[in-house]
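Printed here is structure04.cif (mmCIF, C-alpha atoms):
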```
data_structure
loop_
_atom_site.label_atom_id
_atom_site.label_comp_id
_atom_site.auth_asym_id
_atom_site.auth_seq_id
_atom_site.Cartn_x
_atom_site.Cartn_y
_atom_site.Cartn_z
CA MET A 1 106.39 68.06 88.72
CA GLN A 2 103.89 70.94 88.90
CA ILE A 3 104.57 71.32 92.60
CA LEU A 4 108.32 71.44 92.02
CA ALA A 5 107.86 74.01 89.22
CA ALA A 6 105.79 76.25 91.50
CA PHE A 7 108.34 75.93 94.31
CA ILE A 8 111.25 76.85 91.99
CA ALA A 9 109.26 79.76 90.51
CA GLY A 10 108.61 81.04 94.05
CA LEU A 11 112.29 80.67 94.90
CA VAL A 12 113.44 82.57 91.79
CA PHE A 13 110.83 85.25 92.46
CA ALA A 14 112.11 85.74 96.01
CA VAL A 15 115.76 85.91 94.91
CA GLY A 16 114.78 88.48 92.26
CA LEU A 17 112.91 90.64 94.77
CA ALA A 18 115.84 90.60 97.19
CA ILE A 19 118.57 91.27 94.60
CA GLY A 20 116.40 93.97 93.03
CA GLY A 21 116.06 95.82 96.34
CA MET A 22 112.29 95.39 96.79
CA THR A 23 112.80 93.81 100.22
CA ASP A 24 114.32 96.99 101.69
CA PRO A 25 111.44 99.23 102.84
CA ASN A 26 113.74 102.27 102.94
CA LYS A 27 114.62 101.73 99.28
CA VAL A 28 110.94 101.40 98.40
CA VAL A 29 110.10 104.65 100.14
CA SER A 30 113.08 106.36 98.43
CA PHE A 31 111.75 105.11 95.08
CA LEU A 32 108.34 106.58 95.83
CA ASP A 33 109.82 109.85 97.14
CA ILE A 34 109.92 111.65 93.79
CA PHE A 35 110.23 115.09 95.39
CA GLY A 36 112.89 114.04 97.92
CA GLY A 37 116.15 112.19 97.34
CA TRP A 38 114.58 110.10 94.60
CA ASP A 39 116.15 106.66 94.01
CA PRO A 40 114.68 105.38 90.71
CA SER A 41 116.33 101.92 91.02
CA LEU A 42 113.09 99.99 91.54
CA ALA A 43 111.76 101.17 88.18
CA PHE A 44 114.48 98.91 86.75
CA VAL A 45 112.96 95.97 88.64
CA MET A 46 109.60 96.46 87.00
CA GLY A 47 111.25 97.31 83.67
CA GLY A 48 113.47 94.21 83.72
CA ALA A 49 110.56 91.95 84.62
CA ILE A 50 108.31 93.33 81.87
CA LEU A 51 111.16 93.22 79.34
CA LEU A 52 111.42 89.46 79.82
CA TYR A 53 107.77 88.60 80.54
CA ALA A 54 105.94 90.59 77.87
CA PRO A 55 107.46 88.87 74.80
CA VAL A 56 107.11 85.44 76.45
CA TYR A 57 103.44 86.16 77.21
CA HIS A 58 102.55 87.33 73.71
CA TYR A 59 104.33 84.33 72.20
CA ILE A 60 102.96 81.64 74.52
CA ILE A 61 99.28 82.58 74.51
CA LYS A 62 99.17 81.66 70.82
CA LYS A 63 99.80 78.06 71.95
CA THR A 64 96.87 75.86 72.88
CA ARG A 65 98.05 74.95 76.38
CA PRO A 66 100.93 75.38 78.85
CA LEU A 67 103.55 72.61 79.14
CA LEU A 68 102.46 71.03 82.44
CA HIS A 69 98.74 71.83 82.55
CA HIS A 70 95.74 71.34 80.26
CA THR A 71 94.69 74.97 79.99
CA PHE A 72 95.63 78.60 80.63
CA HIS A 73 94.07 80.43 83.58
CA LEU A 74 94.20 84.06 82.51
CA PRO A 75 92.10 87.00 83.72
CA THR A 76 89.36 87.90 81.23
CA ARG A 77 87.69 90.90 82.86
CA LYS A 78 87.94 94.27 81.12
CA ASP A 79 85.54 96.37 83.25
CA ILE A 80 86.88 99.09 85.53
CA ASP A 81 84.73 98.73 88.66
CA ALA A 82 84.69 100.46 92.04
CA ARG A 83 86.49 97.58 93.76
CA LEU A 84 89.43 97.85 91.38
CA ILE A 85 89.69 101.60 91.91
CA VAL A 86 89.27 101.58 95.69
CA GLY A 87 91.56 98.55 95.99
CA GLY A 88 94.31 100.20 93.95
CA MET A 89 94.11 103.38 96.04
CA LEU A 90 94.14 101.51 99.38
CA PHE A 91 97.06 99.34 98.28
CA GLY A 92 98.99 102.44 97.19
CA VAL A 93 98.52 104.19 100.54
CA GLY A 94 99.58 101.05 102.42
CA TRP A 95 102.61 100.51 100.19
CA GLY A 96 103.76 104.11 100.62
CA LEU A 97 103.16 104.01 104.36
CA GLY A 98 104.85 100.69 105.16
CA GLY A 99 107.30 100.24 102.28
CA PHE A 100 106.24 96.64 101.62
CA CYS A 101 104.05 95.14 98.90
CA PRO A 102 102.82 91.52 99.28
CA GLY A 103 105.77 89.63 97.71
CA PRO A 104 108.56 91.37 99.63
CA ALA A 105 106.49 91.22 102.84
CA ILE A 106 106.37 87.41 102.59
CA VAL A 107 109.99 87.01 101.43
CA SER A 108 111.27 89.31 104.21
CA THR A 109 109.63 87.31 106.99
CA ALA A 110 112.78 85.14 106.74
CA SER A 111 114.58 87.95 108.60
CA LEU A 112 112.17 87.46 111.56
CA ARG A 113 112.44 91.22 112.12
CA GLY A 114 109.66 92.78 114.17
CA ASP A 115 108.61 95.38 111.59
CA VAL A 116 108.29 92.78 108.83
CA LEU A 117 106.32 90.33 110.99
CA THR A 118 104.00 93.12 112.14
CA PHE A 119 103.32 94.22 108.58
CA ALA A 120 102.94 90.70 107.18
CA GLY A 121 100.59 89.60 110.00
CA SER A 122 98.45 92.65 109.45
CA MET A 123 98.45 92.10 105.67
CA PHE A 124 97.27 88.49 106.04
CA ALA A 125 94.55 89.70 108.42
CA GLY A 126 93.43 92.21 105.78
CA MET A 127 93.35 89.55 103.06
CA PHE A 128 91.39 87.21 105.31
CA ALA A 129 88.92 90.01 106.16
CA VAL A 130 88.14 90.42 102.45
CA TYR A 131 87.64 86.66 102.14
CA LEU A 132 85.21 86.67 105.10
CA TYR A 133 83.38 89.75 103.78
CA ASP A 134 82.95 88.22 100.33
CA ARG A 135 81.80 84.91 101.76
CA PHE A 136 79.27 86.64 104.00
CA ARG A 137 77.98 88.74 101.12
CA THR A 138 77.52 85.78 98.79
CA THR A 139 75.85 83.54 101.39
CA ALA A 140 73.70 86.19 103.12
CA PRO A 141 70.00 86.07 102.12
CA MET B 1 117.99 108.62 100.09
CA THR B 2 119.33 105.21 99.14
CA GLU B 3 122.05 104.21 96.69
CA PHE B 4 121.08 104.03 92.98
CA THR B 5 121.45 100.38 91.89
CA PRO B 6 120.29 100.08 88.27
CA ILE B 7 122.27 96.89 87.52
CA ALA B 8 121.26 94.88 90.61
CA SER B 9 117.68 96.07 90.21
CA SER B 10 117.61 95.09 86.53
CA ILE B 11 118.96 91.62 87.37
CA GLY B 12 116.33 91.29 90.10
CA GLY B 13 113.65 92.36 87.63
CA LEU B 14 114.79 89.83 85.02
CA LEU B 15 114.62 87.06 87.65
CA ILE B 16 111.08 88.11 88.59
CA GLY B 17 110.18 88.12 84.89
CA LEU B 18 111.73 84.65 84.55
CA SER B 19 109.69 83.34 87.49
CA ALA B 20 106.48 84.83 86.09
CA ALA B 21 107.30 83.35 82.66
CA MET B 22 107.82 79.94 84.28
CA MET B 23 104.39 80.09 85.92
CA LEU B 24 102.81 81.03 82.60
CA VAL B 25 104.67 78.64 80.28
CA LEU B 26 104.54 75.64 82.63
CA LYS B 27 101.25 76.11 84.48
CA GLY B 28 99.35 78.74 82.49
CA ARG B 29 99.06 80.97 85.56
CA ILE B 30 99.58 84.64 86.30
CA ALA B 31 102.33 85.07 88.91
CA GLY B 32 100.47 87.51 91.13
CA ILE B 33 101.53 87.15 94.73
CA SER B 34 98.39 88.53 96.34
CA GLY B 35 96.24 86.34 94.08
CA ILE B 36 98.22 83.14 94.62
CA ILE B 37 98.34 83.56 98.41
CA GLY B 38 95.08 85.43 99.00
CA GLY B 39 93.22 82.98 96.77
CA LEU B 40 94.18 80.03 98.97
CA PRO B 41 90.95 79.85 101.02
CA THR B 42 88.66 80.01 97.97
CA ALA B 43 90.74 77.92 95.55
CA PRO B 44 89.55 74.39 94.67
CA ALA B 45 91.33 71.68 96.69
CA GLU B 46 93.44 70.48 93.74
CA GLU B 47 94.88 74.00 93.31
CA ARG B 48 96.07 74.39 96.87
CA PRO B 49 99.30 72.32 96.67
CA TRP B 50 100.94 74.45 93.95
CA ARG B 51 99.92 77.68 95.71
CA VAL B 52 101.46 76.44 98.95
CA ALA B 53 104.56 75.26 97.03
CA PHE B 54 104.97 78.73 95.46
CA MET B 55 104.69 80.33 98.89
CA GLY B 56 107.22 77.79 100.21
CA GLY B 57 109.56 78.88 97.40
CA LEU B 58 109.12 82.53 98.39
CA LEU B 59 109.96 81.74 102.01
CA GLY B 60 112.86 79.45 101.03
CA GLY B 61 114.26 82.08 98.68
CA GLY B 62 113.88 84.68 101.40
CA LEU B 63 115.80 82.53 103.84
CA LEU B 64 118.52 81.84 101.26
CA MET B 65 118.93 85.54 100.45
CA PHE B 66 118.85 86.52 104.11
CA ILE B 67 121.81 84.19 104.69
CA LEU B 68 123.72 85.22 101.54
CA MET B 69 122.90 88.95 101.27
CA PRO B 70 121.34 90.24 104.51
CA ALA B 71 121.99 93.86 103.50
CA GLN B 72 119.29 93.51 100.82
CA PHE B 73 116.67 93.46 103.58
CA GLY B 74 117.68 96.90 104.79
CA VAL B 75 117.47 98.06 108.33
CA GLN B 76 114.35 98.64 110.42
CA SER B 77 111.39 100.02 108.46
CA PRO B 78 111.26 103.83 108.59
CA VAL B 79 107.83 103.84 110.28
CA GLY B 80 106.41 102.87 113.68
CA THR B 81 104.27 99.91 114.73
CA VAL B 82 100.86 101.58 114.42
CA ALA B 83 101.67 102.78 110.89
CA LEU B 84 102.90 99.27 109.97
CA VAL B 85 99.66 97.68 111.20
CA VAL B 86 97.55 100.19 109.25
CA ALA B 87 99.79 99.80 106.19
CA GLY B 88 99.55 96.01 106.31
CA LEU B 89 95.76 96.11 106.55
CA PHE B 90 95.52 98.55 103.63
CA VAL B 91 97.82 96.39 101.48
CA GLY B 92 95.97 93.19 102.40
CA VAL B 93 92.48 94.60 101.83
CA GLY B 94 93.48 96.73 98.84
CA THR B 95 95.21 93.98 96.87
CA ARG B 96 92.35 91.54 97.42
CA ILE B 97 89.47 93.84 96.48
CA GLY B 98 91.60 95.36 93.70
CA SER B 99 92.44 91.84 92.38
CA GLY B 100 96.21 92.28 92.32
CA CYS B 101 99.42 93.88 93.48
CA THR B 102 102.77 94.96 92.07
CA SER B 103 103.34 91.55 90.45
CA GLY B 104 99.90 90.60 89.13
CA HIS B 105 98.88 94.08 87.93
CA GLY B 106 102.28 95.77 87.70
CA VAL B 107 104.41 93.16 85.96
CA CYS B 108 102.01 90.62 84.42
CA GLY B 109 99.05 92.94 83.81
CA LEU B 110 101.05 95.69 82.13
CA SER B 111 102.84 93.10 79.96
CA ARG B 112 99.43 91.75 78.93
CA LEU B 113 98.26 95.32 78.16
CA SER B 114 95.26 94.71 80.46
CA PRO B 115 93.18 97.90 80.89
CA ARG B 116 92.26 96.91 84.47
CA SER B 117 95.91 96.46 85.38
CA MET B 118 96.90 99.77 83.78
CA VAL B 119 94.28 101.58 85.87
CA ALA B 120 95.24 99.69 89.06
CA THR B 121 98.99 100.27 88.55
CA ALA B 122 98.54 103.99 87.83
CA LEU B 123 96.40 104.28 90.98
CA PHE B 124 98.63 102.38 93.41
CA MET B 125 101.79 104.06 92.10
CA SER B 126 100.35 107.56 92.35
CA PHE B 127 98.70 106.98 95.74
CA ALA B 128 101.92 105.46 97.09
CA ALA B 129 103.95 108.46 95.89
CA MET B 130 101.36 110.86 97.35
CA THR B 131 101.46 109.01 100.68
CA VAL B 132 105.26 109.25 100.82
CA TYR B 133 105.09 112.94 99.89
CA ILE B 134 102.69 113.58 102.78
CA THR B 135 104.57 111.49 105.37
CA ARG B 136 108.02 112.83 104.39
CA HIS B 137 107.41 116.43 103.35
CA VAL B 138 104.11 117.60 104.85
CA LEU B 139 103.78 115.94 108.27
#
```
Serialized structure, structure tokens:
Amino acid sequence: MQILAAFIAGLVFAVGLAIGGMTDPNKVVSFLDIFGGWDPSLAFVMGGAILLYAPVYHYIIKKTRPLLHHTFHLPTRKDIDARLIVGGMLFGVGWGLGGFCPGPAIVSTASLRGDVLTFAGSMFAGMFAVYLYDRFRTTAP
Amino acid sequence: MTEFTPIASSIGGLLIGLSAAMMLVLKGRIAGISGIIGGLPTAPAEERPWRVAFMGGLLGGGLLMFILMPAQFGVQSPVGTVALVVAGLFVGVGTRIGSGCTSGHGVCGLSRLSPRSMVATALFMSFAAMTVYITRHVL
């Protein structure tokens, strides 16, 4: 049941990204090009998502547990550390340069287009590098 | 310049919100793509199946949309191979050390009024816009 729920959520997410225009790197770059021929469409993607999610979130966290699981797994950190800042900046540069963020990069691999596969492969390599770095740091003497 | 599509984009946004709400209401999880996928190697064994299932849904949905609406995937990315490799690395490394991307920080984090997500979203939005300004209008 939980597996099916996660699969359907992933499916709906992908359909939303594609209909919303997030899977078109040219549209992403046009959205970010405030001083060029700005296309503000993608602000409606974020706006629509928050419009639905925010009230659900603030309602549901008053409950003791989610429907299919014994507890909530929500982030608790409040500190603004260097990793958050550097990470946000790096992600921004990469997003502006390539026109893909992680979700659309994965969803778009269905097109088997060279540019998408190049970006997605490189993105997974970057994620794996952070995993290796963190593992080395925590196990090193 | 691309066509302004407020209605399609709003519908897409609502679907993303619906998916994120499903993950929260059913499983108590934040629907952050970089966290769900990037957390695979470090997640406890019992958590891996749902993460893989979510990724399977993303790929399945991508395939479905590529068959139904191929135009939504655009044409070739506006940049060359070297830039794509660098961009991919920056996105992969940045979202992992920054603990989130457009979905986890942008949609879920802002909805939760999380200070960390507000800082992260302001940073990645402004740095993305600055990068596009430089690549399109300066270089």
I'd like the residues picked by the PyMOL selection byres ((chain B) within 6 of (chain A)) written out as a PyMOL selection string, using the chain letters and numbers from the file.
chain B and resi 1-2+4-6+8-10+12-17+19+21+25-29+33+50+53-54+57-59+61-63+72-74+77+84-85+87-95+97-98+107+111+116+120+123-124+127-129+131-132
Please produce a file of the residues just selected, as a PDB file, keeping the file's coordinate frame, where the atoms kept are C-alpha atoms.
```
ATOM      1  CA  MET B   1     117.990 108.620 100.090  1.00  0.00           C
ATOM      2  CA  THR B   2     119.330 105.210  99.140  1.00  0.00           C
ATOM      3  CA  PHE B   4     121.080 104.030  92.980  1.00  0.00           C
ATOM      4  CA  THR B   5     121.450 100.380  91.890  1.00  0.00           C
ATOM      5  CA  PRO B   6     120.290 100.080  88.270  1.00  0.00           C
ATOM      6  CA  ALA B   8     121.260  94.880  90.610  1.00  0.00           C
ATOM      7  CA  SER B   9     117.680  96.070  90.210  1.00  0.00           C
ATOM      8  CA  SER B  10     117.610  95.090  86.530  1.00  0.00           C
ATOM      9  CA  GLY B  12     116.330  91.290  90.100  1.00  0.00           C
ATOM     10  CA  GLY B  13     113.650  92.360  87.630  1.00  0.00           C
ATOM     11  CA  LEU B  14     114.790  89.830  85.020  1.00  0.00           C
ATOM     12  CA  LEU B  15     114.620  87.060  87.650  1.00  0.00           C
ATOM     13  CA  ILE B  16     111.080  88.110  88.590  1.00  0.00           C
ATOM     14  CA  GLY B  17     110.180  88.120  84.890  1.00  0.00           C
ATOM     15  CA  SER B  19     109.690  83.340  87.490  1.00  0.00           C
ATOM     16  CA  ALA B  21     107.300  83.350  82.660  1.00  0.00           C
ATOM     17  CA  VAL B  25     104.670  78.640  80.280  1.00  0.00           C
ATOM     18  CA  LEU B  26     104.540  75.640  82.630  1.00  0.00           C
ATOM     19  CA  LYS B  27     101.250  76.110  84.480  1.00  0.00           C
ATOM     20  CA  GLY B  28      99.350  78.740  82.490  1.00  0.00           C
ATOM     21  CA  ARG B  29      99.060  80.970  85.560  1.00  0.00           C
ATOM     22  CA  ILE B  33     101.530  87.150  94.730  1.00  0.00           C
ATOM     23  CA  TRP B  50     100.940  74.450  93.950  1.00  0.00           C
ATOM     24  CA  ALA B  53     104.560  75.260  97.030  1.00  0.00           C
ATOM     25  CA  PHE B  54     104.970  78.730  95.460  1.00  0.00           C
ATOM     26  CA  GLY B  57     109.560  78.880  97.400  1.00  0.00           C
ATOM     27  CA  LEU B  58     109.120  82.530  98.390  1.00  0.00           C
ATOM     28  CA  LEU B  59     109.960  81.740 102.010  1.00  0.00           C
ATOM     29  CA  GLY B  61     114.260  82.080  98.680  1.00  0.00           C
ATOM     30  CA  GLY B  62     113.880  84.680 101.400  1.00  0.00           C
ATOM     31  CA  LEU B  63     115.800  82.530 103.840  1.00  0.00           C
ATOM     32  CA  GLN B  72     119.290  93.510 100.820  1.00  0.00           C
ATOM     33  CA  PHE B  73     116.670  93.460 103.580  1.00  0.00           C
ATOM     34  CA  GLY B  74     117.680  96.900 104.790  1.00  0.00           C
ATOM     35  CA  SER B  77     111.390 100.020 108.460  1.00  0.00           C
ATOM     36  CA  LEU B  84     102.900  99.270 109.970  1.00  0.00           C
ATOM     37  CA  VAL B  85      99.660  97.680 111.200  1.00  0.00           C
ATOM     38  CA  ALA B  87      99.790  99.800 106.190  1.00  0.00           C
ATOM     39  CA  GLY B  88      99.550  96.010 106.310  1.00  0.00           C
ATOM     40  CA  LEU B  89      95.760  96.110 106.550  1.00  0.00           C
ATOM     41  CA  PHE B  90      95.520  98.550 103.630  1.00  0.00           C
ATOM     42  CA  VAL B  91      97.820  96.390 101.480  1.00  0.00           C
ATOM     43  CA  GLY B  92      95.970  93.190 102.400  1.00  0.00           C
ATOM     44  CA  VAL B  93      92.480  94.600 101.830  1.00  0.00           C
ATOM     45  CA  GLY B  94      93.480  96.730  98.840  1.00  0.00           C
ATOM     46  CA  THR B  95      95.210  93.980  96.870  1.00  0.00           C
ATOM     47  CA  ILE B  97      89.470  93.840  96.480  1.00  0.00           C
ATOM     48  CA  GLY B  98      91.600  95.360  93.700  1.00  0.00           C
ATOM     49  CA  VAL B 107     104.410  93.160  85.960  1.00  0.00           C
ATOM     50  CA  SER B 111     102.840  93.100  79.960  1.00  0.00           C
ATOM     51  CA  ARG B 116      92.260  96.910  84.470  1.00  0.00           C
ATOM     52  CA  ALA B 120      95.240  99.690  89.060  1.00  0.00           C
ATOM     53  CA  LEU B 123      96.400 104.280  90.980  1.00  0.00           C
ATOM     54  CA  PHE B 124      98.630 102.380  93.410  1.00  0.00           C
ATOM     55  CA  PHE B 127      98.700 106.980  95.740  1.00  0.00           C
ATOM     56  CA  ALA B 128     101.920 105.460  97.090  1.00  0.00           C
ATOM     57  CA  ALA B 129     103.950 108.460  95.890  1.00  0.00           C
ATOM     58  CA  THR B 131     101.460 109.010 100.680  1.00  0.00           C
ATOM     59  CA  VAL B 132     105.260 109.250 100.820  1.00  0.00           C
TER      60      VAL B 132
END
```
Within 6 Å of (98.8, 84.3, 88.3) (coordinates as in the file), grab all the protein and nucleic acid residues, counting only C-alpha atoms, and write them out as a list of chain:residue names.
B:Arg29, B:Ile30, B:Ala31, B:Gly32
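The interatomic distance for the pair atom CA of B:Leu110 and atom CA of B:Met125 works out to 13.0 Å.
Proximity of B:Leu24, B:Ile67, B:Ser103, B:Arg96 to A:Tyr133, computed with only C-alpha atoms, is greatest for B:Arg96.
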What separation in Å, quoted to one decimal, exists between atom CA of B:Gly80 and atom CA of B:Arg136?
13.7 Å
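Computed from the coordinates, the atom CA of B:Cys101 to atom CA of B:Ser34 distance equals 6.2 Å.
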Using all atoms of stretch 30-44 of chain A that appear in the file, construct an axis-aligned enclosing box with 8 Å of padding on every side and provide its centre coordinates and edge lengths in Å, rounded to one decimal, as AutoDock Vina command-line options.
```
--center_x 112.3 --center_y 107.0 --center_z 92.6 --size_x 24.0 --size_y 32.2 --size_z 27.7
```
